>>> print(open('query16.cif').read())   # mmCIF, C-alpha atoms and all ligand atoms
data_target
loop_
_atom_site.label_atom_id
_atom_site.label_comp_id
_atom_site.auth_asym_id
_atom_site.auth_seq_id
_atom_site.Cartn_x
_atom_site.Cartn_y
_atom_site.Cartn_z
CA MET A 1 -53.39 17.84 22.93
CA ILE A 2 -51.46 21.03 22.28
CA MET A 3 -47.80 21.80 21.67
CA ARG A 4 -45.68 23.16 24.48
CA PHE A 5 -42.11 24.42 24.22
CA PRO A 6 -39.02 22.93 25.93
CA GLY A 7 -39.60 22.69 29.67
CA GLY A 8 -43.37 22.80 29.06
CA LEU A 9 -43.36 26.56 28.39
CA LYS A 10 -46.34 28.11 26.63
CA LYS A 11 -44.64 31.04 24.92
CA ALA A 12 -41.59 31.70 22.78
CA LEU A 13 -39.86 34.88 21.69
CA THR A 14 -37.52 35.39 18.78
CA LEU A 15 -36.37 38.22 16.56
CA SER A 16 -34.33 38.86 13.45
CA TYR A 17 -32.22 41.78 12.32
CA ASP A 18 -30.94 42.09 8.75
CA ASP A 19 -27.97 43.25 6.71
CA GLY A 20 -25.00 42.59 9.05
CA VAL A 21 -24.48 46.25 9.90
CA GLU A 22 -22.10 47.77 12.49
CA GLN A 23 -25.02 48.69 14.77
CA ASP A 24 -25.51 44.96 15.44
CA GLU A 25 -22.49 45.37 17.73
CA GLN A 26 -24.60 47.63 19.94
CA LEU A 27 -27.76 45.55 19.61
CA ILE A 28 -26.36 42.15 20.62
CA PRO A 29 -25.18 43.20 24.13
CA ILE A 30 -28.68 44.62 24.81
CA LEU A 31 -30.30 41.31 23.77
CA ASP A 32 -27.73 39.28 25.70
CA ALA A 33 -28.24 41.25 28.91
CA HIS A 34 -31.85 40.00 28.94
CA GLY A 35 -31.31 36.52 27.52
CA VAL A 36 -33.21 37.41 24.33
CA ARG A 37 -32.06 35.46 21.28
CA GLY A 38 -32.56 35.66 17.56
CA THR A 39 -31.19 35.59 14.05
CA PHE A 40 -28.96 37.86 11.97
CA ASN A 41 -29.49 37.71 8.20
CA ILE A 42 -26.40 38.49 6.15
CA SER A 43 -25.64 39.14 2.48
CA SER A 44 -22.17 37.62 2.27
CA GLY A 45 -21.45 39.39 -1.03
CA LEU A 46 -21.83 42.81 0.56
CA TYR A 47 -19.29 42.87 3.38
CA CYS A 48 -17.45 46.17 3.64
CA PRO A 49 -14.01 45.77 2.02
CA GLU A 50 -11.18 45.79 4.58
CA GLY A 51 -9.72 49.32 4.88
CA ARG A 52 -12.76 51.14 3.46
CA VAL A 53 -13.83 54.14 5.53
CA TYR A 54 -17.50 55.14 5.35
CA GLU A 55 -18.29 58.77 4.64
CA PRO A 56 -19.41 60.70 7.76
CA GLY A 57 -23.13 60.50 8.45
CA ARG A 58 -23.67 57.22 6.60
CA ILE A 59 -26.23 55.14 8.50
CA HIS A 60 -26.24 51.83 6.60
CA ARG A 61 -22.77 50.46 7.30
CA PRO A 62 -22.27 46.74 6.57
CA MET A 63 -19.41 45.29 8.60
CA THR A 64 -16.19 43.87 7.17
CA PHE A 65 -16.13 40.09 7.21
CA ALA A 66 -13.57 40.08 10.05
CA ARG A 67 -15.78 42.30 12.17
CA ALA A 68 -18.91 40.25 11.43
CA LYS A 69 -17.05 37.03 12.21
CA ALA A 70 -15.81 38.36 15.55
CA LEU A 71 -19.32 39.52 16.48
CA TYR A 72 -21.54 36.59 15.49
CA ASP A 73 -19.12 33.74 16.16
CA THR A 74 -18.96 34.54 19.86
CA SER A 75 -22.71 35.16 20.12
CA ARG A 76 -25.56 32.80 20.94
CA HIS A 77 -27.51 33.97 17.91
CA GLU A 78 -28.14 32.38 14.53
CA VAL A 79 -26.56 33.56 11.28
CA ALA A 80 -28.86 33.13 8.27
CA VAL A 81 -29.14 33.83 4.55
CA HIS A 82 -30.14 37.25 3.18
CA CYS A 83 -29.04 36.44 -0.41
CA LEU A 84 -25.57 37.06 -1.83
CA THR A 85 -26.23 40.59 -3.11
CA HIS A 86 -29.52 41.48 -1.37
CA ALA A 87 -31.29 40.89 -4.69
CA ASN A 88 -34.97 41.60 -5.31
CA LEU A 89 -35.79 37.92 -5.89
CA PRO A 90 -39.15 38.12 -7.74
CA GLU A 91 -37.38 40.09 -10.51
CA LEU A 92 -34.88 37.30 -11.19
CA PRO A 93 -35.00 34.17 -13.33
CA THR A 94 -35.19 31.11 -11.07
CA SER A 95 -31.59 30.10 -11.85
CA MET A 96 -30.43 33.44 -10.44
CA VAL A 97 -32.66 33.10 -7.35
CA VAL A 98 -30.99 29.75 -6.72
CA GLY A 99 -27.57 31.34 -7.21
CA GLU A 100 -28.34 34.17 -4.77
CA VAL A 101 -29.48 31.74 -2.09
CA MET A 102 -26.99 28.89 -2.57
CA ARG A 103 -23.92 31.10 -2.89
CA ASP A 104 -24.88 32.99 0.24
CA ARG A 105 -25.50 29.71 2.07
CA GLU A 106 -22.18 28.31 0.93
CA ASN A 107 -20.26 31.41 1.98
CA LEU A 108 -21.96 31.65 5.37
CA GLU A 109 -21.49 27.94 6.10
CA ARG A 110 -17.79 28.24 5.25
CA GLU A 111 -17.42 31.45 7.27
CA PHE A 112 -19.54 30.66 10.32
CA GLY A 113 -19.78 26.86 10.27
CA GLY A 114 -22.79 24.60 10.62
CA VAL A 115 -25.63 23.94 8.21
CA ILE A 116 -27.45 27.21 7.53
CA ARG A 117 -31.13 26.79 6.64
CA GLY A 118 -32.71 30.10 7.65
CA MET A 119 -33.39 33.18 5.58
CA ALA A 120 -35.07 36.59 5.45
CA TYR A 121 -36.27 37.96 2.10
CA PRO A 122 -34.30 41.00 0.87
CA PHE A 123 -36.82 43.89 0.73
CA GLY A 124 -39.34 41.37 2.07
CA ALA A 125 -40.01 40.45 -1.57
CA TYR A 126 -41.18 37.00 -2.70
CA ASN A 127 -43.68 35.22 -4.95
CA SER A 128 -44.68 31.60 -5.43
CA ALA A 129 -41.77 30.84 -7.82
CA VAL A 130 -39.28 32.21 -5.25
CA VAL A 131 -40.88 30.18 -2.46
CA GLN A 132 -40.57 27.02 -4.56
CA ALA A 133 -36.91 27.78 -5.36
CA LEU A 134 -36.11 28.27 -1.66
CA SER A 135 -37.63 24.94 -0.82
CA ASP A 136 -35.45 23.32 -3.49
CA CYS A 137 -32.40 25.11 -1.99
CA GLY A 138 -32.94 23.46 1.41
CA ILE A 139 -34.13 26.65 3.12
CA ALA A 140 -36.28 25.72 6.13
CA TYR A 141 -37.93 29.10 6.71
CA SER A 142 -37.89 32.61 5.30
CA ARG A 143 -39.12 35.73 7.08
CA THR A 144 -41.26 38.32 5.34
CA VAL A 145 -41.99 41.90 6.41
CA HIS A 146 -45.77 41.49 6.85
CA SER A 147 -46.68 42.27 10.45
CA THR A 148 -49.43 40.02 11.73
CA HIS A 149 -49.92 41.67 15.13
CA ALA A 150 -50.54 38.07 16.20
CA PHE A 151 -48.69 35.24 17.93
CA ASP A 152 -49.47 32.28 15.70
CA PHE A 153 -47.28 29.85 13.76
CA PRO A 154 -47.29 29.88 9.96
CA GLU A 155 -48.61 27.01 7.93
CA ASN A 156 -45.73 27.51 5.49
CA TRP A 157 -42.40 28.43 7.10
CA LEU A 158 -41.24 29.92 3.79
CA MET A 159 -43.77 32.68 4.46
CA LEU A 160 -42.89 33.36 8.09
CA HIS A 161 -44.67 36.61 8.95
CA PRO A 162 -43.37 38.44 12.03
CA THR A 163 -45.55 39.86 14.80
CA CYS A 164 -44.28 43.38 14.18
CA HIS A 165 -41.38 45.72 13.45
CA HIS A 166 -39.74 47.44 16.41
CA ALA A 167 -40.99 50.85 15.21
CA ASP A 168 -44.61 49.65 15.14
CA PRO A 169 -46.73 52.06 17.20
CA GLN A 170 -48.49 49.01 18.65
CA LEU A 171 -45.27 47.31 19.82
CA PHE A 172 -45.77 47.71 23.56
CA ALA A 173 -49.52 47.06 23.40
CA LEU A 174 -48.68 43.80 21.62
CA CYS A 175 -46.13 42.96 24.33
CA ASP A 176 -48.79 43.48 26.99
CA ARG A 177 -51.26 41.32 25.08
CA PHE A 178 -48.63 38.58 24.66
CA LEU A 179 -47.63 38.60 28.32
CA ALA A 180 -51.27 38.50 29.43
CA ASP A 181 -52.22 35.68 27.02
CA GLU A 182 -52.77 32.44 28.93
CA ALA A 183 -52.05 30.36 25.81
CA ARG A 184 -54.61 27.79 26.93
CA PHE A 185 -55.51 26.41 23.52
CA SER A 186 -52.23 26.88 21.62
CA SER A 187 -48.68 28.00 22.32
CA LYS A 188 -47.72 31.52 21.28
CA LEU A 189 -44.81 33.12 19.44
CA PHE A 190 -43.77 36.77 19.57
CA TYR A 191 -41.59 37.60 16.55
CA LEU A 192 -39.91 41.01 16.32
CA TRP A 193 -37.92 42.21 13.31
CA GLY A 194 -35.98 45.23 12.10
CA HIS A 195 -32.58 46.63 11.15
CA SER A 196 -30.27 47.82 13.91
CA TYR A 197 -29.19 50.84 11.81
CA GLU A 198 -32.76 52.12 12.21
CA PHE A 199 -32.10 52.61 15.94
CA GLU A 200 -29.34 55.03 14.90
CA SER A 201 -31.26 56.82 12.13
CA ASP A 202 -34.42 57.13 14.25
CA ASP A 203 -32.43 57.78 17.44
CA ASN A 204 -34.58 55.26 19.33
CA TRP A 205 -32.25 52.68 20.92
CA GLN A 206 -34.48 53.09 23.96
CA VAL A 207 -37.20 51.10 22.16
CA ILE A 208 -35.15 47.89 22.08
CA ARG A 209 -33.87 48.45 25.61
CA ASP A 210 -37.45 48.83 26.85
CA PHE A 211 -38.59 45.85 24.78
CA CYS A 212 -35.89 43.59 26.25
CA GLU A 213 -36.52 44.92 29.74
CA LYS A 214 -40.22 44.03 29.40
CA MET A 215 -39.98 40.77 27.47
CA GLY A 216 -36.58 39.37 28.47
CA GLY A 217 -35.38 37.39 31.48
CA ARG A 218 -38.71 35.69 32.20
CA ASP A 219 -39.09 32.06 33.22
CA ASP A 220 -42.35 31.60 31.28
CA ILE A 221 -40.84 32.37 27.84
CA TRP A 222 -38.53 30.24 25.68
CA TYR A 223 -35.87 32.48 24.14
CA ALA A 224 -34.66 30.88 20.93
CA THR A 225 -33.25 31.57 17.50
CA ASN A 226 -35.53 31.33 14.45
CA ILE A 227 -34.20 27.94 13.37
CA GLU A 228 -34.51 26.47 16.88
CA ILE A 229 -38.20 27.36 16.89
CA VAL A 230 -38.78 26.09 13.35
CA ASP A 231 -37.01 22.80 14.08
CA TYR A 232 -38.89 22.36 17.34
CA VAL A 233 -42.35 23.04 15.88
CA ASN A 234 -41.59 20.75 12.93
CA ALA A 235 -40.54 18.03 15.37
CA TYR A 236 -43.81 18.44 17.26
CA ARG A 237 -45.75 18.31 14.00
CA SER A 238 -44.08 15.00 13.14
CA LEU A 239 -45.32 13.18 16.28
CA ARG A 240 -47.18 9.98 15.40
CA ALA A 241 -50.37 9.13 17.22
CA SER A 242 -52.29 5.86 17.40
CA ALA A 243 -55.85 5.79 16.06
CA ASP A 244 -57.33 6.14 19.55
CA GLY A 245 -54.90 8.99 20.32
CA ARG A 246 -53.52 7.28 23.44
CA LYS A 247 -50.16 6.18 22.12
CA LEU A 248 -47.68 8.79 20.92
CA HIS A 249 -44.39 8.13 19.18
CA ASN A 250 -41.65 10.70 18.77
CA PRO A 251 -39.62 9.74 15.67
CA THR A 252 -37.32 12.78 15.95
CA ALA A 253 -33.98 13.42 17.69
CA MET A 254 -35.55 16.08 19.94
CA ARG A 255 -37.39 15.91 23.25
CA ILE A 256 -40.91 17.21 22.69
CA TRP A 257 -43.32 18.75 25.22
CA ALA A 258 -47.10 18.76 24.98
CA GLN A 259 -50.13 19.25 27.18
CA ASP A 260 -53.41 17.37 27.41
CA ASN A 261 -56.21 17.29 29.97
CA GLN A 262 -53.95 15.34 32.35
CA GLY A 263 -51.25 18.00 32.27
CA VAL A 264 -47.88 18.73 30.68
CA PHE A 265 -45.73 15.80 29.54
CA ASP A 266 -42.71 15.18 27.37
CA ILE A 267 -41.58 12.47 24.96
CA GLY A 268 -37.91 11.67 24.48
CA PRO A 269 -36.27 11.09 21.10
CA GLY A 270 -37.45 7.78 19.63
CA GLU A 271 -39.75 7.16 22.61
CA THR A 272 -43.34 5.87 22.56
CA ILE A 273 -45.61 6.75 25.46
CA GLU A 274 -49.15 5.95 26.45
CA ARG A 275 -51.54 8.56 27.93
ZN ZN B 1 -31.98 43.63 4.01
#
>>> encode(input="query16.cif", output="structure tokens", more="lines below")
Ligand SMILES: [Zn+2]
Amino acid sequence: MIMRFPGGLKKALTLSYDDGVEQDEQLIPILDAHGVRGTFNISSGLYCPEGRVYEPGRIHRPMTFARAKALYDTSRHEVAVHCLTHANLPELPTSMVVGEVMRDRENLEREFGGVIRGMAYPFGAYNSAVVQALSDCGIAYSRTVHSTHAFDFPENWLMLHPTCHHADPQLFALCDRFLADEARFSSKLFYLWGHSYEFESDDNWQVIRDFCEKMGGRDDIWYATNIEIVDYVNAYRSLRASADGRKLHNPTAMRIWAQDNQGVFDIGPGETIER
């Protein structure tokens, strides 16, 4: 038996963009036009103060809170933790790591609503003490900056390595490999990451337009936010099977899809089925 995504799909696509910068206002309509979805990681202690004008030529321009609120609240994307002050976590005592994460969580939950359990590491930096602290802070996953050039799921969601950055020279070769993959023995995830201000500094907005054109709007890919994928895979992993493997119980609140040699099937929340 292997995991399938909602609707029995074999592939999923997600992305995340960090820092809550003004260029996200240009990025989100491009994603939306192709049905691509993802996650925006925000340091809630670093909003631009209302009334501040950036000096000409400045590329990294965090939004004011009002601007961020207007953008993300109306979007179909996830807002997630990027630590209160974008701190380099491995340098901090654990109590300060906890403060960076919990204060950002608290702010973002108050500002954007919901229970926020996602994160991306500032500077991509982490160590085992940081990972342990995140787990204690109720963080469900945290994205690193290590490109895998692969489409697999992590064993530990607190070390969620993306497939690649959007400026990776192999980006479109990886897209081709992903689209051609038949995902016969396991489902596949394409995970793209970056900062939208890089499209401005590198003058390459065309890259994300081409990416969405190629990878978006397809009926064989599940387009989801980071937390939707994490929650779904965790739900699949919590299925209970009888000793002979014929009975399956879904103890979660989600409908779960899977495939065996008889084909694709699904199990409703709380349901037990026999194969
Ligand atoms: Zn960042």
>>> residues_near_point(input="query16.cif", point="(-34.1, 27.5, 0.2)", cutoff="12 Å", atoms="only C-alpha atoms", output="VMD selection string")
chain A and resid 80 to 83 94 97 to 106 116 to 121 129 to 143 157 to 159
>>> closest_residue(input="query16.cif", among="A:Phe151, A:Phe65, A:Tyr191, A:Phe40", to="ligand ZN 1 (chain B)", atoms="only C-alpha atoms and all ligand atoms")
A:Phe40
>>> closest_residue(input="query16.cif", among="A:Lys188, A:Arg37, A:His149, A:Arg255", to="Cys212 of chain A", atoms="all atoms listed in the file")
A:Arg37
>>> closest_residue(input="query16.cif", among="A:Leu192, A:Val230, A:Val36, A:Met96", to="Pro162 of chain A", atoms="all atoms listed in the file")
A:Leu192
>>> closest_atom_pairs(input="query16.cif", of="chain A", to="ligand ZN 1 (chain B)", cutoff="9 Å", atoms="only C-alpha atoms and all ligand atoms", output="CSV")
residue,atom,partner,partner_atom,distance
A:Tyr17,CA,B:ZN1,ZN,8.5
A:Asp18,CA,B:ZN1,ZN,5.1
A:Asp19,CA,B:ZN1,ZN,4.8
A:Gly20,CA,B:ZN1,ZN,8.7
A:Asn41,CA,B:ZN1,ZN,7.7
A:Ile42,CA,B:ZN1,ZN,7.9
A:Ser43,CA,B:ZN1,ZN,7.9
A:His82,CA,B:ZN1,ZN,6.7
A:Cys83,CA,B:ZN1,ZN,8.9
A:His86,CA,B:ZN1,ZN,6.3
A:Ala120,CA,B:ZN1,ZN,7.8
A:Tyr121,CA,B:ZN1,ZN,7.4
A:Pro122,CA,B:ZN1,ZN,4.7
A:Phe123,CA,B:ZN1,ZN,5.9
A:Gly124,CA,B:ZN1,ZN,7.9
A:His195,CA,B:ZN1,ZN,7.8
>>> closest_atom_pairs(input="query16.cif", of="segment 46-96 of chain A", to="segment 213-224 of chain A", cutoff="12 Å", atoms="only C-alpha atoms", output="JSON lines")
{"residue": "A:Arg76", "atom": "CA", "partner": "A:Ala224", "partner_atom": "CA", "distance": 9.3}
{"residue": "A:His77", "atom": "CA", "partner": "A:Ala224", "partner_atom": "CA", "distance": 8.4}
{"residue": "A:Glu78", "atom": "CA", "partner": "A:Ala224", "partner_atom": "CA", "distance": 9.3}
>>> write_last_selection(input="query16.cif", atoms="C-alpha atoms", output="mmCIF file, in the coordinates of the input")
data_model
loop_
_atom_site.group_PDB
_atom_site.id
_atom_site.type_symbol
_atom_site.label_atom_id
_atom_site.label_comp_id
_atom_site.auth_asym_id
_atom_site.auth_seq_id
_atom_site.Cartn_x
_atom_site.Cartn_y
_atom_site.Cartn_z
ATOM 1 C CA ARG A 76 -25.560 32.800 20.940
ATOM 2 C CA HIS A 77 -27.510 33.970 17.910
ATOM 3 C CA GLU A 78 -28.140 32.380 14.530
#
>>> closest_residue(input="query16.cif", among="A:Gln262, A:Gly8, A:Glu271, A:Gln206", to="Ile30 of chain A", atoms="only C-alpha atoms")
A:Gln206
>>> build_atoms(input="query16.cif", residues="segment 128-160 of chain A", atoms="N, CA and C atoms", output="CSV table (one decimal), in the coordinates of the input")
chain,number,residue,atom,x,y,z
A,128,SER,N,-44.6,33.1,-5.6
A,128,SER,CA,-44.7,31.6,-5.4
A,128,SER,C,-43.5,30.9,-6.1
A,129,ALA,N,-42.9,31.5,-7.2
A,129,ALA,CA,-41.8,30.8,-7.8
A,129,ALA,C,-40.6,30.9,-6.9
A,130,VAL,N,-40.4,32.0,-6.2
A,130,VAL,CA,-39.3,32.2,-5.2
A,130,VAL,C,-39.4,31.2,-4.1
A,131,VAL,N,-40.6,31.1,-3.6
A,131,VAL,CA,-40.9,30.2,-2.5
A,131,VAL,C,-40.5,28.7,-2.9
A,132,GLN,N,-40.9,28.4,-4.1
A,132,GLN,CA,-40.6,27.0,-4.6
A,132,GLN,C,-39.1,26.8,-4.7
A,133,ALA,N,-38.4,27.9,-5.2
A,133,ALA,CA,-36.9,27.8,-5.4
A,133,ALA,C,-36.2,27.6,-4.0
A,134,LEU,N,-36.7,28.4,-3.0
A,134,LEU,CA,-36.1,28.3,-1.7
A,134,LEU,C,-36.2,26.9,-1.1
A,135,SER,N,-37.4,26.3,-1.3
A,135,SER,CA,-37.6,24.9,-0.8
A,135,SER,C,-36.6,24.0,-1.5
A,136,ASP,N,-36.4,24.2,-2.8
A,136,ASP,CA,-35.4,23.3,-3.5
A,136,ASP,C,-34.0,23.6,-3.0
A,137,CYS,N,-33.8,24.8,-2.5
A,137,CYS,CA,-32.4,25.1,-2.0
A,137,CYS,C,-32.2,24.7,-0.5
A,138,GLY,N,-33.1,24.0,0.0
A,138,GLY,CA,-32.9,23.5,1.4
A,138,GLY,C,-33.1,24.5,2.5
A,139,ILE,N,-33.8,25.6,2.1
A,139,ILE,CA,-34.1,26.6,3.1
A,139,ILE,C,-35.3,26.2,3.9
A,140,ALA,N,-35.2,26.2,5.3
A,140,ALA,CA,-36.3,25.7,6.1
A,140,ALA,C,-37.3,26.8,6.4
A,141,TYR,N,-37.0,28.0,6.4
A,141,TYR,CA,-37.9,29.1,6.7
A,141,TYR,C,-37.4,30.4,6.1
A,142,SER,N,-38.3,31.3,5.7
A,142,SER,CA,-37.9,32.6,5.3
A,142,SER,C,-38.9,33.7,5.8
A,143,ARG,N,-38.3,34.7,6.4
A,143,ARG,CA,-39.1,35.7,7.1
A,143,ARG,C,-39.5,36.8,6.1
A,144,THR,N,-40.7,37.2,6.2
A,144,THR,CA,-41.3,38.3,5.3
A,144,THR,C,-41.2,39.6,6.2
A,145,VAL,N,-41.9,40.7,5.6
A,145,VAL,CA,-42.0,41.9,6.4
A,145,VAL,C,-43.5,42.3,6.7
A,146,HIS,N,-44.3,41.2,6.6
A,146,HIS,CA,-45.8,41.5,6.8
A,146,HIS,C,-46.0,41.3,8.3
A,147,SER,N,-46.4,42.4,9.0
A,147,SER,CA,-46.7,42.3,10.4
A,147,SER,C,-48.1,41.6,10.6
A,148,THR,N,-48.1,40.7,11.5
A,148,THR,CA,-49.4,40.0,11.7
A,148,THR,C,-50.1,40.6,12.9
A,149,HIS,N,-49.4,41.2,13.8
A,149,HIS,CA,-49.9,41.7,15.1
A,149,HIS,C,-50.5,40.5,15.9
A,150,ALA,N,-50.0,39.3,15.6
A,150,ALA,CA,-50.5,38.1,16.2
A,150,ALA,C,-49.4,37.2,16.6
A,151,PHE,N,-49.7,36.1,17.3
A,151,PHE,CA,-48.7,35.2,17.9
A,151,PHE,C,-48.8,33.8,17.5
A,152,ASP,N,-49.2,33.6,16.2
A,152,ASP,CA,-49.5,32.3,15.7
A,152,ASP,C,-48.3,31.8,14.9
A,153,PHE,N,-48.3,30.5,14.6
A,153,PHE,CA,-47.3,29.8,13.8
A,153,PHE,C,-47.8,29.7,12.3
A,154,PRO,N,-46.9,29.9,11.4
A,154,PRO,CA,-47.3,29.9,10.0
A,154,PRO,C,-47.6,28.5,9.5
A,155,GLU,N,-48.4,28.3,8.5
A,155,GLU,CA,-48.6,27.0,7.9
A,155,GLU,C,-47.4,26.7,7.1
A,156,ASN,N,-46.9,27.7,6.4
A,156,ASN,CA,-45.7,27.5,5.5
A,156,ASN,C,-44.6,28.4,6.0
A,157,TRP,N,-43.5,27.7,6.5
A,157,TRP,CA,-42.4,28.4,7.1
A,157,TRP,C,-41.7,29.3,6.1
A,158,LEU,N,-41.9,29.1,4.8
A,158,LEU,CA,-41.2,29.9,3.8
A,158,LEU,C,-42.0,31.2,3.6
A,159,MET,N,-43.1,31.4,4.4
A,159,MET,CA,-43.8,32.7,4.5
A,159,MET,C,-44.0,32.9,6.0
A,160,LEU,N,-42.9,33.2,6.6
A,160,LEU,CA,-42.9,33.4,8.1
A,160,LEU,C,-43.1,34.9,8.3
